[in-house]
Amino acid sequence: MFASCTDPAALGDLHWLVCYLTTAKHLSFYASFGTVLLLLAVTAPAALALGFAGAVAARSRVLLLSWLGKGYIALVRGVPDIAFFLFFVIALDQGVEYLRHVWLCPDWSEPIRQGSDFRVCPPAKAPLGNAPQWVHEVYGFALAVFTFALVFGAFAANVLFGAMRAVPRAQMETAEAYGMTPRQSFRRILVPQMWVYALPGLSNLWMVLIKATPLLFLLGVEDIVYWARELGGTKTPQFTDYPHGDWRMWYFLFLLVFYLAFTRLSEIVLDRVMARLTKGQATLGGDAQRKAAA
Amino acid sequence: MSCYDTFIDYGLRSIGIGERLLPRGDFTLCQQVVLIGSGMIWNIYFGALSLVSGFFLATALALAKTAQTPWVRKPAEAFIFVFRGSPLFIQFFFAYFLFLSLKQSYPFFTPLTSATWGALLVLFFNTAAYSAEIFHGALLSVPKGDIEAASAYGFSPRLRFRRIIWPTMLRLAWPAYTNEAIFLFHATTLVFFSGFPATAQKGDALYYANYFADKTFNPFIPYPILAGYFILLTLAVIGLFGAVNRHLNRHLPTAPQRRRTGMVPGFLR
Amino acid sequence: MKNLILPAALLALTAGGALAQTVRLGTEGAYPPYNFINDKGEIDGFERALGDELCKRASLTCEWVKNDWDSIIPNLVSGNYDVIIAGMSITDERDKVIDFTQDYYPPTASVFVAKTADANTKGVVSAQTATIQAGYVAESGAQLLEFATPEETVAAVRNGEADAVFADFDYLKPIVDAAGGELVIAGEPVPLGKGVGMGFRESDKPLRDKFDAAITAMKADGSLNALLKTWFGDATKTY
């Protein structure tokens, strides 16, 4: 990066380190923190939305919907996320391509499965075979987000399902007494009230989600752990200007600090949200707030 | 070779009983089901032992976190923070590294460099930290009135804890604790995946699923088998925890069951 | 409308010639000197140089893609890239699922590396999970110790967890050279595999043939040998 870095072997320790830490490879490492944060920022709302849909379906009075919701919660919650990432994403990718194939190439005569090969017509490839690399990366990232959202959506659905049941029945009965339709009481009473019961479970889920991001590399997304492993590994002088021994420990220590700091930050924010949600609620916490204010 | 023979040969392969070599050609569905199932022994071993032992440490940590004296509170808080705040695989990495260097100076620590004890210890600490946080939250939510009533009845602090606070805490914490148990069992798949080495091809369910996926180049058979086993395991955990939950809540009136109207939409009634 | 456009588009794709279609080359990026990530963060190594040259000769537009080793074949057959060029040995098992070109790296030996030359290669031997070397060690009767990455297999020998590590000679050699005598090659080399080749989907014969022809040409004019010497040293086996 710097002009003075052309001959690292001749540099002093500190200067060497500065040059080492600013190689293009390290810049990719720093950029991957952005990737991970972006993934979290997109996945969390998506998972919440899926979880909400799952919880509502599971509560539905229509048996079919209720089965669908409960089946989703039970099945996806039952599978370790890592197993999901090892086969589901390829299946998902093939599913997308298959649908596009049926839609775009109705006249295609060759079989799609040839032995172990999966071949759709070229226009149905997702992304197209001649698309630039960044399109592939965005597509891979989208698959990762979807998979993460699907997995964590099931856990969120479970939390929200419990939270909806935790809203005191008296509240719902009062709503009925006021003549609200089930739809109205759901929208105006149940949903606003359930968050305070759901938040502890959801924050726990958020903490687990943060820590699941190392699985990203299984999906072909280069995350911070991939780069830490790559950069930290022993480098022999033949292949780099900056040879060093096994430095994985230092890189992982750095990741550890990052994760701890991120967790701490999340805790602070979530505590604030909790305090806000508790306001005016008929819970112990709400009581305490009222007393403190009085 | 019939499936029964396969079962005899590989049913306990993950703990080193049976055939020495793994199957090497013509991988049958039966072999995959049996070997991956055999690997589940490890997942259950890691999950069950760390969960049970972690439960006690978690209770102690949760109590310590409520303590007035910082000498007790701060270490508990730090422990929970570090283990909750970092990904499991980083914990495995540092633990393995630490155990190796300990072993060099004190042979006493040799067993910890194997997954059997080392990974178990890490999982034990990990689940203790997560559970302690859950218990701590529940402890703060124990209704004040309950505690006052116990004191009014002349319960000693010790008895009051054992008979009132602790059971109430468990009751409140149980749904979240069930989730933690599920996550823990899932986390056991990371032991051999990125953490501890597998000796003599004795590994957990994911290790064998990985083996077959690598040999057959077809991920769509071994991983769904693995998923199937884990769904069964999770259902068992949920069932077991549900039974405990009913036991903990047996004195409470149950909410009236909402009547299902079935597949037929409402207007037909 | 759609039906009208599509055949035309298909025609354009095929008629536009191979130049329009990008060929995606999949590699691991963690196996020097075959392939690795250099200081610039780009894929580098023997296979990078070879792949670029082959693409030039076959007049194809090529693009490099990184993929995890474990899922490198499933992702090829699923169509996420078109070629595997990742130091992959040609084996019968793999040949059943994918097609290989002729070898562009001659069959070589895998070796044991240990702290002393007379180390017990039938004792505890470390190898990377799911490699042909791991399979060989398991069958040899030695106690196999499997790690997820090659880095850890060598570390296991350094810290005494394993008596020896068993891996490709070309992966271990630079490490032994840089270790300053701490690590040495032990026991006899073991020939495994039938050399290293590029992997293709079985249904991709035309593409395979193009690369195969380019490799033949490079062998004939000696440019492959020159490339081998650049990356593996003058003592390496050539064609």
# chains A, B, ... in the order shown; residues from 1 in each chain; ligands from 1

call {"tool": "interface_residues", "arguments": {"of": "chain B", "to": "chain A", "cutoff": "9 Å", "atoms": "only C-alpha atoms", "output": "VMD selection string"}}
result
chain B and resid 81 to 82 84 to 91 93 to 94 97 130 134 137 141 143 175 to 176 179 182 to 183 185 to 187 189 to 190 206 217 to 220 223 to 224 226 to 235 255 259 to 266

call {"tool": "closest_atom_pairs", "arguments": {"of": "region 111-228 of chain C", "to": "region 197-200 of chain B", "cutoff": "8 Å", "atoms": "only C-alpha atoms", "output": "tab-separated table"}}
result
residue	atom	partner	partner_atom	distance
C:Ala138	CA	B:Ala200	CA	7.1
C:Gln143	CA	B:Ala200	CA	5.4
C:Leu144	CA	B:Ala200	CA	4.6
C:Leu145	CA	B:Thr199	CA	4.6
C:Glu146	CA	B:Ala198	CA	5.1
C:Phe147	CA	B:Pro197	CA	5.1
C:Ala148	CA	B:Pro197	CA	7.7

call {"tool": "write_last_selection", "arguments": {"atoms": "N, CA, C and O atoms", "output": "PDB file, in the first residue's frame"}}
result
ATOM      1  N   ALA C 138      -5.317 -44.379   7.408  1.00  0.00           N
ATOM      2  CA  ALA C 138      -6.273 -45.247   8.100  1.00  0.00           C
ATOM      3  C   ALA C 138      -6.046 -46.694   7.712  1.00  0.00           C
ATOM      4  O   ALA C 138      -6.103 -47.599   8.544  1.00  0.00           O
ATOM      5  N   GLN C 143      -2.252 -44.940  13.697  1.00  0.00           N
ATOM      6  CA  GLN C 143      -3.329 -44.228  14.387  1.00  0.00           C
ATOM      7  C   GLN C 143      -3.526 -42.887  13.683  1.00  0.00           C
ATOM      8  O   GLN C 143      -2.667 -42.022  13.740  1.00  0.00           O
ATOM      9  N   LEU C 144      -4.681 -42.730  13.027  1.00  0.00           N
ATOM     10  CA  LEU C 144      -4.930 -41.509  12.255  1.00  0.00           C
ATOM     11  C   LEU C 144      -5.464 -40.388  13.144  1.00  0.00           C
ATOM     12  O   LEU C 144      -6.375 -40.588  13.937  1.00  0.00           O
ATOM     13  N   LEU C 145      -4.837 -39.228  13.024  1.00  0.00           N
ATOM     14  CA  LEU C 145      -5.295 -38.054  13.762  1.00  0.00           C
ATOM     15  C   LEU C 145      -5.690 -37.004  12.727  1.00  0.00           C
ATOM     16  O   LEU C 145      -4.838 -36.496  12.005  1.00  0.00           O
ATOM     17  N   GLU C 146      -6.994 -36.707  12.641  1.00  0.00           N
ATOM     18  CA  GLU C 146      -7.461 -35.862  11.538  1.00  0.00           C
ATOM     19  C   GLU C 146      -7.729 -34.430  11.980  1.00  0.00           C
ATOM     20  O   GLU C 146      -8.374 -34.191  13.001  1.00  0.00           O
ATOM     21  N   PHE C 147      -7.247 -33.488  11.193  1.00  0.00           N
ATOM     22  CA  PHE C 147      -7.502 -32.073  11.454  1.00  0.00           C
ATOM     23  C   PHE C 147      -8.233 -31.471  10.259  1.00  0.00           C
ATOM     24  O   PHE C 147      -8.113 -31.962   9.141  1.00  0.00           O
ATOM     25  N   ALA C 148      -8.918 -30.369  10.543  1.00  0.00           N
ATOM     26  CA  ALA C 148      -9.727 -29.762   9.486  1.00  0.00           C
ATOM     27  C   ALA C 148      -8.870 -29.060   8.432  1.00  0.00           C
ATOM     28  O   ALA C 148      -9.247 -28.993   7.276  1.00  0.00           O
TER      29      ALA C 148
END

call {"tool": "residues_around", "arguments": {"residues": "Val89 (chain A)", "least_positions_apart": "2", "cutoff": "12 Å", "atoms": "only C-alpha atoms", "output": "MDAnalysis selection string"}}
result
(chainID A and resid 81:87 91:96 139:148 150:151 216 218:220) or (chainID B and resid 219:220 223) or (chainID C and resid 71 74:75 78 80)

call {"tool": "atom_distance", "arguments": {"atom1": "CA of Ala49 (chain C)", "atom2": "CA of Lys25 (chain A)"}}
result
19.3 Å

call {"tool": "residues_around", "arguments": {"residues": "Glu63 (chain C)", "least_positions_apart": "4", "cutoff": "9 Å", "atoms": "only C-alpha atoms", "output": "ChimeraX atom specification"}}
result
/A:132-133 /C:22-26

call {"tool": "write_last_selection", "arguments": {"atoms": "C-alpha atoms", "output": "PDB file, in the first residue's frame"}}
result
ATOM      1  CA  PRO A 132     -19.365 -10.631 -13.598  1.00  0.00           C
ATOM      2  CA  GLN A 133     -17.954 -11.967 -10.363  1.00  0.00           C
TER       3      GLN A 133
ATOM      4  CA  THR C  22     -17.023 -16.829 -19.188  1.00  0.00           C
ATOM      5  CA  VAL C  23     -15.432 -20.014 -17.939  1.00  0.00           C
ATOM      6  CA  ARG C  24     -15.329 -20.054 -14.155  1.00  0.00           C
ATOM      7  CA  LEU C  25     -12.313 -21.747 -12.602  1.00  0.00           C
ATOM      8  CA  GLY C  26     -12.847 -22.999  -9.066  1.00  0.00           C
TER       9      GLY C  26
END

call {"tool": "closest_atom_pairs", "arguments": {"of": "chain C", "to": "chain A", "cutoff": "7 Å", "atoms": "only C-alpha atoms", "output": "Markdown table"}}
result
| residue | atom | partner | partner_atom | distance |
| --- | --- | --- | --- | --- |
| C:Gln21 | CA | A:Asn130 | CA | 5.2 |
| C:Thr22 | CA | A:Asn130 | CA | 4.8 |
| C:Asn38 | CA | A:Thr240 | CA | 6.4 |
| C:Asp39 | CA | A:Lys25 | CA | 5.4 |
| C:Lys40 | CA | A:Ala24 | CA | 4.4 |
| C:Gly41 | CA | A:Lys25 | CA | 4.0 |
| C:Asn67 | CA | A:Gly220 | CA | 6.0 |
| C:Asp68 | CA | A:Leu218 | CA | 6.7 |
| C:Val77 | CA | A:Asp117 | CA | 4.7 |
| C:Ser78 | CA | A:Phe118 | CA | 5.0 |
| C:Gly79 | CA | A:Phe118 | CA | 6.6 |
| C:Val97 | CA | A:Ser116 | CA | 6.4 |
| C:Glu151 | CA | A:Gly233 | CA | 6.5 |
| C:Pro174 | CA | A:Thr236 | CA | 6.6 |
| C:Ile175 | CA | A:Thr236 | CA | 6.6 |
| C:Ala178 | CA | A:Thr236 | CA | 6.3 |
| C:Arg201 | CA | A:Asp117 | CA | 6.4 |

call {"tool": "write_last_selection", "arguments": {"atoms": "all heavy atoms", "output": "compact mmCIF listing (two decimals), in the first residue's frame"}}
result
# COMPACT_ATOMS: atom_id res chain seq x y z
N GLN C 21 -18.89 -16.46 -23.49
CA GLN C 21 -19.17 -17.19 -22.27
C GLN C 21 -17.93 -17.20 -21.36
O GLN C 21 -16.84 -17.54 -21.80
CB GLN C 21 -19.58 -18.62 -22.63
CG GLN C 21 -20.22 -19.38 -21.50
CD GLN C 21 -21.64 -18.90 -21.23
OE1 GLN C 21 -22.10 -17.93 -21.83
NE2 GLN C 21 -22.31 -19.54 -20.31
N THR C 22 -18.13 -16.81 -20.11
CA THR C 22 -17.02 -16.83 -19.19
C THR C 22 -16.89 -18.23 -18.61
O THR C 22 -17.88 -18.84 -18.22
CB THR C 22 -17.27 -15.85 -18.04
OG1 THR C 22 -17.72 -14.63 -18.60
CG2 THR C 22 -16.03 -15.64 -17.23
N ASN C 38 -2.14 -14.44 -2.41
CA ASN C 38 -0.90 -13.70 -2.22
C ASN C 38 -1.14 -12.44 -1.37
O ASN C 38 -2.26 -12.18 -0.93
CB ASN C 38 -0.24 -13.38 -3.56
CG ASN C 38 -1.10 -12.44 -4.40
OD1 ASN C 38 -2.03 -11.81 -3.90
ND2 ASN C 38 -0.79 -12.36 -5.68
N ASP C 39 -0.09 -11.67 -1.19
CA ASP C 39 -0.20 -10.49 -0.33
C ASP C 39 -1.22 -9.48 -0.85
O ASP C 39 -1.75 -8.67 -0.11
CB ASP C 39 1.17 -9.79 -0.21
CG ASP C 39 2.14 -10.65 0.59
OD1 ASP C 39 1.66 -11.48 1.39
OD2 ASP C 39 3.36 -10.49 0.41
N LYS C 40 -1.47 -9.54 -2.16
CA LYS C 40 -2.45 -8.60 -2.72
C LYS C 40 -3.87 -9.10 -2.53
O LYS C 40 -4.83 -8.43 -2.91
CB LYS C 40 -2.18 -8.43 -4.22
CG LYS C 40 -0.86 -7.76 -4.54
CD LYS C 40 -0.91 -7.19 -5.96
CE LYS C 40 0.44 -6.79 -6.45
NZ LYS C 40 1.20 -7.95 -6.98
N GLY C 41 -4.01 -10.31 -1.97
CA GLY C 41 -5.34 -10.86 -1.77
C GLY C 41 -5.88 -11.54 -3.01
O GLY C 41 -7.06 -11.83 -3.11
N ASN C 67 -13.48 -21.61 -3.50
CA ASN C 67 -14.50 -22.46 -2.88
C ASN C 67 -13.84 -23.35 -1.82
O ASN C 67 -12.71 -23.79 -1.98
CB ASN C 67 -15.18 -23.33 -3.94
CG ASN C 67 -16.51 -23.88 -3.45
OD1 ASN C 67 -17.53 -23.24 -3.60
ND2 ASN C 67 -16.48 -25.04 -2.85
N ASP C 68 -14.60 -23.62 -0.78
CA ASP C 68 -14.14 -24.49 0.29
C ASP C 68 -13.84 -25.88 -0.28
O ASP C 68 -14.56 -26.38 -1.14
CB ASP C 68 -15.25 -24.57 1.34
CG ASP C 68 -14.74 -25.19 2.63
OD1 ASP C 68 -13.57 -24.96 2.96
OD2 ASP C 68 -15.53 -25.89 3.29
N VAL C 77 -20.55 -29.95 -9.85
CA VAL C 77 -21.61 -30.68 -10.56
C VAL C 77 -22.92 -29.90 -10.49
O VAL C 77 -23.79 -30.06 -11.33
CB VAL C 77 -21.79 -32.12 -10.01
CG1 VAL C 77 -20.56 -32.94 -10.25
CG2 VAL C 77 -22.16 -32.11 -8.56
N SER C 78 -23.05 -29.05 -9.50
CA SER C 78 -24.26 -28.25 -9.38
C SER C 78 -24.19 -27.02 -10.29
O SER C 78 -25.17 -26.30 -10.42
CB SER C 78 -24.44 -27.83 -7.93
OG SER C 78 -25.55 -27.02 -7.79
N GLY C 79 -23.02 -26.78 -10.88
CA GLY C 79 -22.93 -25.73 -11.88
C GLY C 79 -22.54 -24.36 -11.37
O GLY C 79 -22.77 -23.37 -12.03
N VAL C 97 -17.41 -39.53 -10.70
CA VAL C 97 -18.38 -38.45 -10.57
C VAL C 97 -18.08 -37.29 -11.51
O VAL C 97 -18.99 -36.66 -12.03
CB VAL C 97 -18.40 -37.95 -9.10
CG1 VAL C 97 -19.46 -36.88 -8.92
CG2 VAL C 97 -18.67 -39.11 -8.17
N GLU C 151 -2.71 -26.77 7.89
CA GLU C 151 -1.93 -26.03 8.88
C GLU C 151 -1.88 -26.77 10.23
O GLU C 151 -0.82 -26.95 10.81
CB GLU C 151 -2.59 -24.65 9.08
CG GLU C 151 -2.01 -23.82 10.21
CD GLU C 151 -0.80 -23.04 9.75
OE1 GLU C 151 -0.76 -22.65 8.59
OE2 GLU C 151 0.11 -22.85 10.59
N PRO C 174 8.19 -26.80 1.17
CA PRO C 174 8.54 -25.44 1.61
C PRO C 174 8.50 -25.28 3.12
O PRO C 174 9.27 -24.50 3.69
CB PRO C 174 7.44 -24.57 0.97
CG PRO C 174 6.75 -25.41 -0.03
CD PRO C 174 7.02 -26.83 0.30
N ILE C 175 7.63 -26.03 3.78
CA ILE C 175 7.53 -25.93 5.24
C ILE C 175 8.78 -26.52 5.87
O ILE C 175 9.35 -25.94 6.80
CB ILE C 175 6.26 -26.66 5.72
CG1 ILE C 175 5.03 -25.97 5.14
CG2 ILE C 175 6.21 -26.70 7.24
CD1 ILE C 175 3.73 -26.65 5.42
N ALA C 178 11.66 -24.18 5.42
CA ALA C 178 11.62 -22.99 6.27
C ALA C 178 11.75 -23.31 7.74
O ALA C 178 11.89 -22.41 8.56
CB ALA C 178 10.32 -22.22 6.01
N ARG C 201 -17.44 -31.22 -15.21
CA ARG C 201 -18.69 -31.99 -15.20
C ARG C 201 -18.61 -33.01 -16.34
O ARG C 201 -18.08 -32.73 -17.40
CB ARG C 201 -19.88 -31.07 -15.43
CG ARG C 201 -20.32 -30.33 -14.22
CD ARG C 201 -21.56 -29.52 -14.53
NE ARG C 201 -21.27 -28.44 -15.47
CZ ARG C 201 -20.79 -27.24 -15.11
NH1 ARG C 201 -20.57 -26.99 -13.85
NH2 ARG C 201 -20.56 -26.31 -15.99

call {"tool": "interface_residues", "arguments": {"of": "chain C", "to": "chain B", "cutoff": "10 Å", "atoms": "only C-alpha atoms", "output": "PyMOL selection string"}}
result
chain C and resi 69-75+77+93-94+96-98+124-131+134-135+137-139+141-149+152-153+156+159-161

call {"tool": "closest_residue", "arguments": {"among": "C:Val65, C:Ile37, C:Val83, C:Cys55", "to": "Glu202 (chain C)", "atoms": "only C-alpha atoms"}}
result
C:Val83
